[in-house]
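Data block for coords-v3.txt (compact mmCIF, C-alpha atoms):
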```
# COMPACT_ATOMS: atom_id res chain seq x y z
CA MET A 5 139.65 110.42 88.70
CA ASN A 6 139.16 109.90 84.95
CA LYS A 7 137.82 106.41 85.59
CA ILE A 8 135.29 107.74 88.09
CA LEU A 9 134.16 110.33 85.53
CA LEU A 10 133.75 107.59 82.90
CA ILE A 11 131.59 105.54 85.28
CA ILE A 12 129.54 108.63 86.19
CA LYS A 13 129.00 109.38 82.50
CA ARG A 14 127.98 105.80 81.77
CA GLU A 15 125.54 105.58 84.70
CA TYR A 16 124.05 109.00 83.93
CA LEU A 17 123.60 108.63 80.17
CA SER A 18 122.38 105.03 80.33
CA ARG A 19 119.50 106.11 82.60
CA VAL A 20 118.71 109.52 81.15
CA LYS A 21 118.37 108.09 77.64
CA LYS A 22 115.82 105.50 78.73
CA ARG A 23 112.29 106.02 77.51
CA SER A 24 110.98 105.37 81.03
CA PHE A 25 113.06 108.28 82.38
CA LEU A 26 111.66 110.68 79.78
CA LEU A 27 108.09 109.51 80.34
CA VAL A 28 108.31 109.80 84.13
CA THR A 29 110.05 113.18 83.99
CA PHE A 30 107.56 114.84 81.67
CA LEU A 31 104.40 113.04 82.71
CA VAL A 32 104.70 113.31 86.51
CA PRO A 33 103.94 117.09 86.67
CA LEU A 34 100.99 116.61 84.34
CA VAL A 35 99.74 113.62 86.32
CA ILE A 36 100.04 115.46 89.66
CA ILE A 37 98.18 118.53 88.39
CA GLY A 38 95.62 116.26 86.71
CA ILE A 39 95.06 114.35 89.95
CA TYR A 40 94.50 117.59 91.88
CA ALA A 41 92.10 118.88 89.21
CA LEU A 42 90.25 115.56 89.12
CA THR A 43 90.04 115.49 92.92
CA ILE A 44 88.54 118.97 93.03
CA TYR A 45 86.09 118.12 90.23
CA LEU A 46 84.98 114.82 91.79
CA THR A 47 84.60 116.47 95.20
CA ALA A 48 82.38 119.17 93.71
CA ARG A 49 80.36 116.54 91.84
CA SER A 50 79.93 114.46 94.98
CA PHE A 51 78.46 117.47 96.80
CA GLU A 52 76.09 118.09 93.91
CA ASN A 53 74.97 114.46 93.70
CA ASN A 54 74.77 113.96 97.45
CA LYS A 55 71.08 114.92 97.66
CA ALA A 56 68.92 113.22 100.24
CA THR A 57 65.35 113.23 101.52
CA VAL A 58 64.86 113.09 105.29
CA HIS A 59 61.39 112.15 106.57
CA MET A 60 61.15 113.65 110.05
CA ILE A 61 59.03 112.21 112.87
CA ASP A 62 58.99 114.84 115.61
CA GLN A 63 57.60 113.18 118.75
CA SER A 64 58.70 116.13 120.92
CA GLY A 65 56.82 118.78 118.93
CA LEU A 66 59.72 121.19 119.39
CA PHE A 67 61.04 121.17 115.84
CA ALA A 68 57.90 121.81 113.81
CA GLY A 69 58.60 124.56 111.25
CA LYS A 70 62.10 125.12 112.61
CA ILE A 71 64.06 122.69 110.41
CA GLU A 72 64.86 124.15 107.02
CA SER A 73 65.73 122.21 103.89
CA THR A 74 69.19 122.83 102.43
CA LYS A 75 70.68 122.51 98.97
CA ASN A 76 71.39 118.82 99.47
CA ILE A 77 68.85 117.77 102.12
CA THR A 78 65.07 118.02 101.86
CA PHE A 79 63.22 117.65 105.17
CA ILE A 80 59.65 116.31 104.99
CA PRO A 81 57.60 116.26 108.24
CA VAL A 82 55.71 112.99 108.82
CA THR A 83 52.18 113.37 110.19
CA ALA A 84 50.68 111.04 112.78
CA ALA A 85 48.58 109.33 110.09
CA GLU A 86 51.71 108.56 108.05
CA ASN A 87 53.62 107.22 111.01
CA THR A 88 52.93 103.54 110.37
CA THR A 89 55.24 100.62 109.64
CA GLU A 90 54.04 100.35 106.04
CA GLU A 91 54.52 104.06 105.40
CA ARG A 92 57.97 104.02 106.96
CA ASN A 93 59.08 101.16 104.71
CA ARG A 94 57.65 102.93 101.67
CA MET A 95 59.56 106.10 102.52
CA LEU A 96 62.85 104.27 102.92
CA GLU A 97 62.41 102.20 99.75
CA ALA A 98 61.55 105.16 97.51
CA GLU A 99 63.91 106.15 94.72
CA GLY A 100 66.99 108.11 95.80
CA LYS A 101 68.60 108.52 99.19
CA ASN A 102 65.86 108.40 101.81
CA PHE A 103 66.25 108.61 105.56
CA LEU A 104 63.91 108.50 108.52
CA LEU A 105 64.72 110.91 111.35
CA ILE A 106 63.01 110.06 114.65
CA ILE A 107 63.14 112.80 117.29
CA PRO A 108 62.02 111.38 120.68
CA SER A 109 59.73 113.17 123.10
CA ASP A 110 62.56 113.64 125.64
CA MET A 111 64.87 115.34 123.12
CA LEU A 112 65.51 118.29 125.44
CA THR A 113 67.00 116.08 128.15
CA SER A 114 68.47 113.21 126.15
CA SER A 115 69.74 115.18 123.10
CA HIS A 116 69.59 111.94 121.17
CA ALA A 117 67.82 111.23 117.87
CA GLU A 118 67.78 108.29 115.45
CA LEU A 119 68.50 108.31 111.71
CA ILE A 120 67.20 105.17 110.01
CA SER A 121 68.01 104.20 106.42
CA LYS A 122 68.68 101.28 104.10
CA GLU A 123 72.27 102.43 103.74
CA THR A 124 74.55 104.30 106.11
CA ALA A 125 74.29 108.06 105.77
CA GLY A 126 77.41 109.93 104.69
CA PHE A 127 79.35 112.14 107.05
CA THR A 128 78.11 115.37 105.41
CA ILE A 129 74.46 114.38 105.71
CA GLN A 130 74.82 113.35 109.35
CA SER A 131 76.69 116.52 110.27
CA ASP A 132 74.11 118.75 108.50
CA ILE A 133 71.22 117.08 110.33
CA SER A 134 73.02 117.29 113.68
CA ARG A 135 73.81 120.95 113.12
CA GLN A 136 70.16 121.82 112.41
CA LEU A 137 68.94 119.97 115.48
CA GLU A 138 71.60 121.61 117.65
CA ASN A 139 70.61 125.08 116.39
CA VAL A 140 66.99 124.51 117.38
CA LEU A 141 67.96 123.22 120.84
CA ARG A 142 70.34 126.16 121.28
CA ASN A 143 67.57 128.64 120.42
CA ILE A 144 65.27 127.01 122.96
CA ALA A 145 67.99 127.14 125.64
CA LEU A 146 68.71 130.83 124.87
CA ALA A 147 65.02 131.69 125.01
CA ASP A 148 64.62 129.91 128.36
CA ALA A 149 67.59 131.90 129.68
CA GLY A 150 66.10 135.17 128.44
CA ILE A 151 68.88 135.76 125.89
CA ASP A 152 68.10 137.20 122.46
CA ARG A 153 69.51 134.99 119.69
CA ASN A 154 69.94 137.93 117.31
CA THR A 155 72.03 139.78 119.87
CA VAL A 156 74.28 136.75 120.31
CA GLU A 157 74.74 136.32 116.56
CA SER A 158 75.53 140.01 116.09
CA ILE A 159 78.56 139.61 118.35
CA HIS A 160 81.18 137.96 116.19
CA PRO A 161 84.55 139.69 116.54
CA GLU A 162 87.07 138.73 113.88
CA VAL A 163 90.78 139.05 114.51
CA THR A 164 93.24 139.12 111.62
CA LEU A 165 96.72 138.15 112.82
CA SER A 166 99.57 139.27 110.59
CA ALA A 167 102.68 137.27 111.43
CA LYS A 168 105.95 139.18 111.09
CA GLU A 169 109.44 137.73 111.16
CA ILE A 170 112.47 139.80 112.14
CA THR A 171 115.43 139.03 109.87
CA ALA A 172 118.78 140.62 109.13
CA GLU A 173 117.08 142.54 106.28
CA GLY A 174 114.31 143.74 108.58
CA GLU A 175 110.71 142.68 109.13
CA LYS A 176 108.98 140.46 106.59
CA ASP A 177 105.63 138.73 106.37
CA SER A 178 105.47 135.05 107.28
CA SER A 179 102.78 132.41 106.93
CA ALA A 180 102.63 129.43 109.28
CA GLY A 181 100.01 127.72 107.12
CA ALA A 182 102.02 127.92 103.91
CA ALA A 183 105.20 126.95 105.78
CA MET A 184 103.51 123.92 107.28
CA GLY A 185 102.16 122.77 103.91
CA ILE A 186 105.54 123.14 102.22
CA ALA A 187 107.34 121.47 105.13
CA MET A 188 105.05 118.45 105.04
CA SER A 189 105.41 118.17 101.27
CA LEU A 190 109.20 118.37 101.41
CA SER A 191 109.44 115.73 104.15
CA ILE A 192 107.36 113.31 102.05
CA VAL A 193 109.31 114.01 98.84
CA VAL A 194 112.74 113.68 100.47
CA TYR A 195 111.86 110.49 102.33
CA ILE A 196 110.49 108.78 99.22
CA CYS A 197 113.24 109.96 96.88
CA LEU A 198 116.18 109.10 99.14
CA PHE A 199 114.77 105.61 99.45
CA LEU A 200 113.95 105.40 95.72
CA TYR A 201 117.30 106.54 94.30
CA GLY A 202 119.32 104.80 97.02
CA SER A 203 117.55 101.56 96.10
CA GLN A 204 118.51 102.11 92.47
CA VAL A 205 122.18 102.15 93.48
CA MET A 206 121.74 98.97 95.49
CA ARG A 207 119.83 97.12 92.76
CA GLY A 208 122.35 98.17 90.10
CA ILE A 209 125.17 96.70 92.16
CA ILE A 210 123.22 93.49 92.83
CA GLU A 211 122.49 93.05 89.10
CA GLU A 212 126.14 93.50 88.13
CA LYS A 213 127.24 91.21 90.93
CA THR A 214 124.83 88.36 90.11
CA SER A 215 125.58 88.60 86.36
CA ARG A 216 129.35 88.53 87.08
CA ILE A 217 129.83 91.69 85.02
CA VAL A 218 131.44 93.29 88.04
CA GLU A 219 134.39 90.88 87.82
CA VAL A 220 135.25 92.32 84.40
CA ILE A 221 134.77 95.91 85.60
CA ILE A 222 136.90 95.42 88.73
CA SER A 223 139.78 94.29 86.53
CA SER A 224 139.90 97.83 85.10
CA VAL A 225 138.87 100.07 88.01
CA LYS A 226 139.17 99.98 91.76
CA PRO A 227 136.08 99.03 93.84
CA PHE A 228 135.99 102.52 95.39
CA GLN A 229 136.00 104.15 91.95
CA LEU A 230 133.16 101.92 90.79
CA MET A 231 131.10 102.64 93.91
CA MET A 232 131.61 106.41 93.73
CA GLY A 233 130.89 106.49 90.00
CA LYS A 234 127.58 104.69 90.52
CA ILE A 235 126.55 106.84 93.46
CA ILE A 236 127.30 110.19 91.80
CA GLY A 237 125.95 109.13 88.38
CA ILE A 238 122.58 108.00 89.70
CA GLY A 239 122.46 111.02 92.02
CA LEU A 240 122.88 113.36 89.04
CA VAL A 241 120.02 111.52 87.33
CA GLY A 242 117.78 112.23 90.32
CA LEU A 243 118.95 115.85 90.46
CA THR A 244 118.22 116.32 86.76
CA GLN A 245 114.78 114.86 87.21
CA PHE A 246 114.00 117.16 90.14
CA ILE A 247 115.15 120.29 88.28
CA LEU A 248 112.99 119.38 85.29
CA TRP A 249 110.03 118.66 87.59
CA ILE A 250 110.41 122.05 89.29
CA VAL A 251 110.64 123.91 85.97
CA LEU A 252 107.72 122.04 84.38
CA SER A 253 105.52 122.31 87.48
CA ALA A 254 106.18 126.05 87.81
CA THR A 255 105.35 126.55 84.12
CA LEU A 256 102.14 124.53 84.27
CA MET A 257 101.03 126.22 87.50
CA GLY A 258 101.67 129.63 85.95
CA ILE A 259 99.54 128.74 82.92
CA ALA A 260 96.78 127.35 85.16
CA SER A 261 96.85 130.46 87.37
CA ALA A 262 96.61 132.80 84.37
CA GLY A 263 93.74 130.78 82.95
CA LEU A 264 91.87 130.88 86.25
CA VAL A 265 92.26 134.65 86.54
CA ASP A 266 91.15 135.23 82.95
CA GLY A 267 88.22 132.85 83.34
CA ARG A 268 86.92 134.62 86.43
CA ASP A 269 87.44 138.02 84.85
CA ILE A 270 85.45 136.98 81.77
CA ARG A 271 82.68 135.56 83.96
CA ALA A 272 82.46 138.80 85.92
CA GLN A 273 82.22 140.85 82.70
CA ILE A 274 79.43 138.59 81.37
CA GLU A 275 77.46 138.95 84.60
CA GLN A 276 77.87 142.72 84.48
CA GLN A 277 76.67 142.91 80.85
CA GLN A 278 73.64 140.75 81.64
CA ALA A 279 72.72 142.98 84.57
CA LEU A 280 73.01 146.12 82.43
CA ALA A 281 70.89 144.50 79.69
CA ASN A 282 68.18 143.87 82.28
CA GLY A 283 68.20 147.53 83.27
CA GLU A 284 69.92 146.91 86.61
CA VAL A 285 72.49 149.36 87.91
CA GLN A 286 75.52 147.37 88.93
CA PRO A 287 78.82 148.52 90.35
CA VAL A 288 82.04 147.67 88.57
CA ILE A 289 82.70 144.00 89.19
CA LYS A 290 86.22 143.06 90.10
CA PRO A 291 87.41 139.50 89.65
CA GLN A 292 87.43 137.67 92.95
CA MET A 293 89.98 134.90 93.47
CA GLY A 294 88.42 133.39 96.58
CA MET A 295 90.39 130.55 98.11
CA PHE A 296 92.90 130.56 95.25
CA GLY A 297 93.72 134.21 95.88
CA THR A 298 94.15 133.59 99.60
CA VAL A 299 96.48 130.67 98.96
CA LYS A 300 98.49 132.74 96.48
CA GLN A 301 98.85 135.57 99.00
CA GLU A 302 100.14 133.12 101.61
CA LEU A 303 102.57 131.51 99.16
CA ASP A 304 103.93 134.93 98.21
CA LYS A 305 105.28 135.22 101.76
CA VAL A 306 107.49 132.13 101.30
CA ASP A 307 111.10 132.42 100.10
CA PHE A 308 110.95 129.80 97.35
CA GLN A 309 114.45 130.57 96.09
CA LEU A 310 115.95 129.57 99.43
CA ILE A 311 113.68 126.53 99.71
CA ILE A 312 114.53 125.22 96.22
CA ALA A 313 118.27 125.83 96.67
CA THR A 314 118.43 124.12 100.06
CA PHE A 315 116.16 121.32 98.84
CA LEU A 316 118.59 120.48 96.04
CA LEU A 317 121.57 120.66 98.42
CA TYR A 318 120.00 118.49 101.11
CA PHE A 319 118.55 116.03 98.63
CA PHE A 320 121.92 115.50 96.96
CA GLY A 321 123.83 115.48 100.27
CA GLY A 322 121.37 113.06 101.88
CA TYR A 323 121.37 110.93 98.78
CA LEU A 324 125.19 110.67 98.76
CA LEU A 325 125.21 109.70 102.43
CA TYR A 326 122.48 107.06 102.24
CA SER A 327 123.39 105.69 98.82
CA ALA A 328 126.88 104.86 100.12
CA LEU A 329 125.23 102.66 102.74
CA PHE A 330 122.89 101.18 100.12
CA ALA A 331 125.92 100.41 97.96
CA ALA A 332 127.50 98.52 100.86
CA VAL A 333 124.29 96.53 101.30
CA GLY A 334 124.15 95.75 97.57
CA SER A 335 127.70 94.44 97.63
CA ALA A 336 126.96 92.20 100.62
CA VAL A 337 123.95 90.31 99.21
CA ASP A 338 123.16 88.25 96.13
CA SER A 339 119.45 89.10 95.68
CA ASP A 340 116.81 91.66 96.66
CA THR A 341 115.24 89.25 99.16
CA GLU A 342 118.38 89.37 101.33
CA THR A 343 118.45 93.16 101.61
CA GLN A 344 115.62 93.58 104.12
CA GLN A 345 117.68 92.78 107.22
CA PHE A 346 120.15 95.55 106.31
CA MET A 347 117.85 98.17 104.81
CA PHE A 348 115.52 98.68 107.77
CA PRO A 349 118.25 99.76 110.24
CA ILE A 350 119.57 102.18 107.62
CA MET A 351 116.16 103.78 107.09
CA ILE A 352 115.25 104.08 110.81
CA PRO A 353 116.74 107.62 111.23
CA LEU A 354 114.86 108.90 108.16
CA LEU A 355 111.64 107.16 109.20
CA PHE A 356 111.95 108.53 112.75
CA THR A 357 112.44 112.09 111.49
CA TYR A 358 109.67 111.72 108.90
CA ILE A 359 107.19 110.71 111.63
CA LEU A 360 108.30 113.55 113.91
CA SER A 361 107.90 116.09 111.09
CA PHE A 362 104.10 115.67 111.25
CA GLY A 363 103.94 116.73 114.87
CA VAL A 364 107.00 117.89 116.76
CA LEU A 365 108.98 119.66 114.03
CA ILE A 366 106.16 121.74 112.52
CA ASN A 367 104.85 122.72 115.98
CA ASP A 368 108.26 123.64 117.41
CA PRO A 369 110.59 124.19 114.42
CA ASN A 370 113.14 126.10 116.50
CA GLY A 371 113.12 123.86 119.56
CA PRO A 372 116.12 121.85 120.80
CA LEU A 373 114.91 118.55 119.30
CA ALA A 374 114.35 120.14 115.88
CA PHE A 375 117.78 121.81 116.10
CA TRP A 376 119.70 118.64 116.86
CA LEU A 377 117.81 116.58 114.32
CA SER A 378 118.72 119.17 111.68
CA MET A 379 122.41 118.88 112.67
CA ILE A 380 122.76 115.08 112.71
CA PRO A 381 123.70 114.02 109.15
CA PHE A 382 121.39 110.99 109.14
CA THR A 383 118.31 113.07 110.01
CA SER A 384 119.13 116.56 108.67
CA PRO A 385 117.93 115.99 105.05
CA ILE A 386 114.35 115.87 106.34
CA ALA A 387 114.55 117.85 109.60
CA MET A 388 116.22 120.93 108.12
CA LEU A 389 113.93 121.04 105.09
CA VAL A 390 110.93 120.94 107.43
CA ARG A 391 112.36 123.85 109.45
CA ILE A 392 113.51 126.11 106.58
CA PRO A 393 110.01 127.32 105.53
CA PHE A 394 109.52 128.57 109.11
CA GLY A 395 112.80 130.51 109.02
CA VAL A 396 116.23 129.21 110.04
CA PRO A 397 119.41 131.28 110.66
CA MET A 398 121.93 130.90 107.86
CA TRP A 399 124.66 129.78 110.26
CA GLN A 400 122.56 126.77 111.22
CA ILE A 401 122.04 125.86 107.56
CA GLY A 402 125.78 126.24 106.88
CA LEU A 403 126.76 124.15 109.93
CA SER A 404 124.21 121.49 109.02
CA LEU A 405 125.56 121.24 105.45
CA VAL A 406 129.15 120.96 106.71
CA LEU A 407 128.14 118.14 109.06
CA LEU A 408 126.20 116.48 106.25
CA ILE A 409 129.28 116.54 104.00
CA GLY A 410 131.37 115.16 106.88
CA GLY A 411 128.79 112.43 107.41
CA PHE A 412 128.92 111.55 103.71
CA ILE A 413 132.72 111.27 103.80
CA PHE A 414 132.56 109.02 106.88
CA THR A 415 129.81 106.73 105.55
CA THR A 416 131.59 106.51 102.18
CA TRP A 417 134.78 105.40 103.94
CA VAL A 418 132.89 102.77 105.93
CA ALA A 419 130.88 101.59 102.91
CA ALA A 420 133.98 101.43 100.69
CA ARG A 421 135.76 99.06 103.09
CA ILE A 422 132.75 96.74 103.04
CA TYR A 423 132.18 97.16 99.30
CA ARG A 424 135.73 96.19 98.26
CA VAL A 425 135.31 92.74 99.85
CA GLY A 426 131.58 92.11 99.44
CA ILE A 427 131.47 92.88 95.70
CA LEU A 428 133.39 89.66 94.97
CA MET A 429 131.65 87.44 97.54
CA TYR A 430 129.15 84.90 96.18
CA GLY A 431 126.95 82.17 97.61
CA LYS A 432 127.39 83.11 101.27
CA LYS A 433 124.68 84.91 103.19
CA ALA A 434 126.13 87.98 104.83
CA SER A 435 125.50 88.90 108.45
CA TYR A 436 126.42 91.87 110.57
CA LYS A 437 129.32 89.86 111.96
CA GLU A 438 130.60 89.26 108.43
CA LEU A 439 130.29 92.96 107.58
CA VAL A 440 132.46 93.85 110.58
CA LYS A 441 135.06 91.34 109.39
CA TRP A 442 135.06 92.83 105.90
CA PHE A 443 135.41 96.32 107.37
CA ARG A 444 138.46 95.28 109.41
CA TYR A 445 140.05 93.33 106.57
CA LYS A 446 143.44 94.88 105.68
CA GLY A 447 144.29 92.90 102.53
```

Could I get this file's structure written as structure tokens?
Amino acid sequence: MNKILLIIKREYLSRVKKRSFLLVTFLVPLVIIGIYALTIYLTARSFENNKATVHMIDQSGLFAGKIESTKNITFIPVTAAENTTEERNRMLEAEGKNFLLIIPSDMLTSSHAELISKETAGFTIQSDISRQLENVLRNIALADAGIDRNTVESIHPEVTLSAKEITAEGEKDSSAGAAMGIAMSLSIVVYICLFLYGSQVMRGIIEEKTSRIVEVIISSVKPFQLMMGKIIGIGLVGLTQFILWIVLSATLMGIASAGLVDGRDIRAQIEQQQALANGEVQPVIKPQMGMFGTVKQELDKVDFQLIIATFLLYFFGGYLLYSALFAAVGSAVDSDTETQQFMFPIMIPLLFTYILSFGVLINDPNGPLAFWLSMIPFTSPIAMLVRIPFGVPMWQIGLSLVLLIGGFIFTTWVAARIYRVGILMYGKKASYKELVKWFRYKG
């Protein structure tokens, strides 16, 4: 046991002390938040810069004075005198984004128009133009049917559905949207990280094997001790990194949230002071959070303590299970190029569950398929984490963890029997037949 602890300590400290570990650990939360902020900023800028001029040739005569310019699109009617080939080319070649909209005379029956330009129009521009044309055609159809458009628009019932979940503690609010977002995020994170840290175990074994360092190590420790020390040591590195990521991300998000609230509150106060200075009577302005406030309200309904605790348990349990198999693969090959034939079958259960999480699991988190996938050790690290945000009985989580531990013990036993032989094999390409022989070897 002491030898295993020494190997764990060596694997853990040698990786944690690396500059790359520190950079990745502390920069990843900043990079992720920066990417989200940059995405929001660039999206807003693209909407601001996506201004276009649409020259409209209305051959039907139905749309005159009925198409209104928007913030990003300016509609300019083209008269009969301007409807020449030279004028059309001049319009399209003018500075900026210019389009030529041709509405045919049979627009009522065909519902088809043409948008001509030097470059393909963006999705937003096309959808805005289509929406305006559809509104005009809808008004004409309503008028022909003797239906008042204003009456139709005044009928817009809104239903607010408050989802409640019955638990042992009583009723509590639940949010399918927040649960789905968290479930999708967890499935992506677990899939990538199990593959990433499992590959680190495999590559570490391959490096020691090809450099013949392992021959010196094996003279002092048993192969099983070496394998377990590597698996647990690298797993603790991943666990440390995740805990630091969670703490740093929560801290940065809290700072960003406070800044957003204060910024909106200050803006509201400035607007109120300006209105009073102009002699306008304004009510007390309360800071409005908009989409951010809605998202925060939905996230408040999620039990993050349970999600974080189970995430750490399933990540570490899934890592131990899969890294044992990765260790067996690393002991059986002499280079990274030989690992592909063994890695793909190992990753099939995770890949299968990952794909199902985008459709089946989030739509029916308590169905029979979701239940059994969350019980099978090879699929439970993803399946159960996808289900937990939607609410899972504690007995299912407990049973799933027990089966996951049992699966780890079984895979470690199988991997150890292959590892003890393969770690000292050189120059011979391994096959599945060879792995079976090594497993059965009793020497």

Excluding A:Gln130 and its own-chain neighbours fewer than 4 positions away, which residues fall within 12 Å of it when counting all atoms listed in the file? Please give them as a PyMOL selection string.
chain A and resi 54+56+58+76-77+103-105+117-121+124-126+134-137

Give me, as a list of chain:residue names, all polymer residues having an atom no more than 8 Å from A:Leu405, counting only C-alpha atoms and skipping those fewer than 3 positions away in the same chain.
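Answer for this query is A:Tyr318, A:Gly321, A:Ile401, A:Gly402, A:Leu408, A:Ile409.
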
May I ask which of the residues A:Leu66, A:Leu324, A:Ile39, A:Leu17 is the closest one to A:Ile236, counting only C-alpha atoms?
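Using only C-alpha atoms, A:Ile236 sits closest to A:Leu324.
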
From the options A:Val82, A:Ile221, A:Met232, A:Leu146, which residue's atoms come nearest to A:Ala420, counting all atoms listed in the file?
A:Met232

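Within 8 Å of stretch 363-374 of chain A there are Met184, Ala187, Ile359, Ser378, Ala387, Val390, Arg391, Phe394 and Val396 of chain A, counting only C-alpha atoms and ignoring same-chain residues fewer than 4 positions away.
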
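Atom CA of A:Ile312 lies 25.6 Å from atom CA of A:Lys21.
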
Counting only C-alpha atoms, note down every residue that has an atom within 9 Å of the point (134.1, 94.3, 107.3) (file coordinates), as an MDAnalysis selection string.
chainID A and resid 418 421:423 425:426 436:445

Just the selected residues (C-alpha atoms), exported as a compact mmCIF listing (two decimals), in the frame of the given file, please.
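Okay, this is what ended up in out16.txt:
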```
# COMPACT_ATOMS: atom_id res chain seq x y z
CA VAL A 418 132.89 102.77 105.93
CA ARG A 421 135.76 99.06 103.09
CA ILE A 422 132.75 96.74 103.04
CA TYR A 423 132.18 97.16 99.30
CA VAL A 425 135.31 92.74 99.85
CA GLY A 426 131.58 92.11 99.44
CA TYR A 436 126.42 91.87 110.57
CA LYS A 437 129.32 89.86 111.96
CA GLU A 438 130.60 89.26 108.43
CA LEU A 439 130.29 92.96 107.58
CA VAL A 440 132.46 93.85 110.58
CA LYS A 441 135.06 91.34 109.39
CA TRP A 442 135.06 92.83 105.90
CA PHE A 443 135.41 96.32 107.37
CA ARG A 444 138.46 95.28 109.41
CA TYR A 445 140.05 93.33 106.57
```

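Atom to atom, atom CA of A:Arg92 and atom CA of A:Glu123 stand 14.7 Å apart.
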
The distance between atom CA of A:Asp340 and atom CA of A:Ile217 is 17.5 Å

Go through A:Met231, A:Val35, A:Leu240, A:Leu310 and flag the residue nearest A:Thr416, using only C-alpha atoms for the distances.
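Closest candidate: A:Met231.
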
For a quick check of understanding, using all atoms listed in the file, which of A:Thr89, A:Asn143, A:Ser327, A:Thr57 has the smallest distance to A:Leu112?
A:Asn143

Given only C-alpha atoms as the basis, pick out the residue of A:Ile209, A:Ile380, A:Leu428, A:Ile36 nearest to A:Gly411.
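Answer, going by the shortest atom-to-atom distance: A:Ile380.
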
For A:Thr88, which of A:Ile61, A:Cys197, A:Ile427, A:Ala41 is the closest residue, counting only C-alpha atoms?
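Among the listed residues, A:Ile61 lies closest to A:Thr88.
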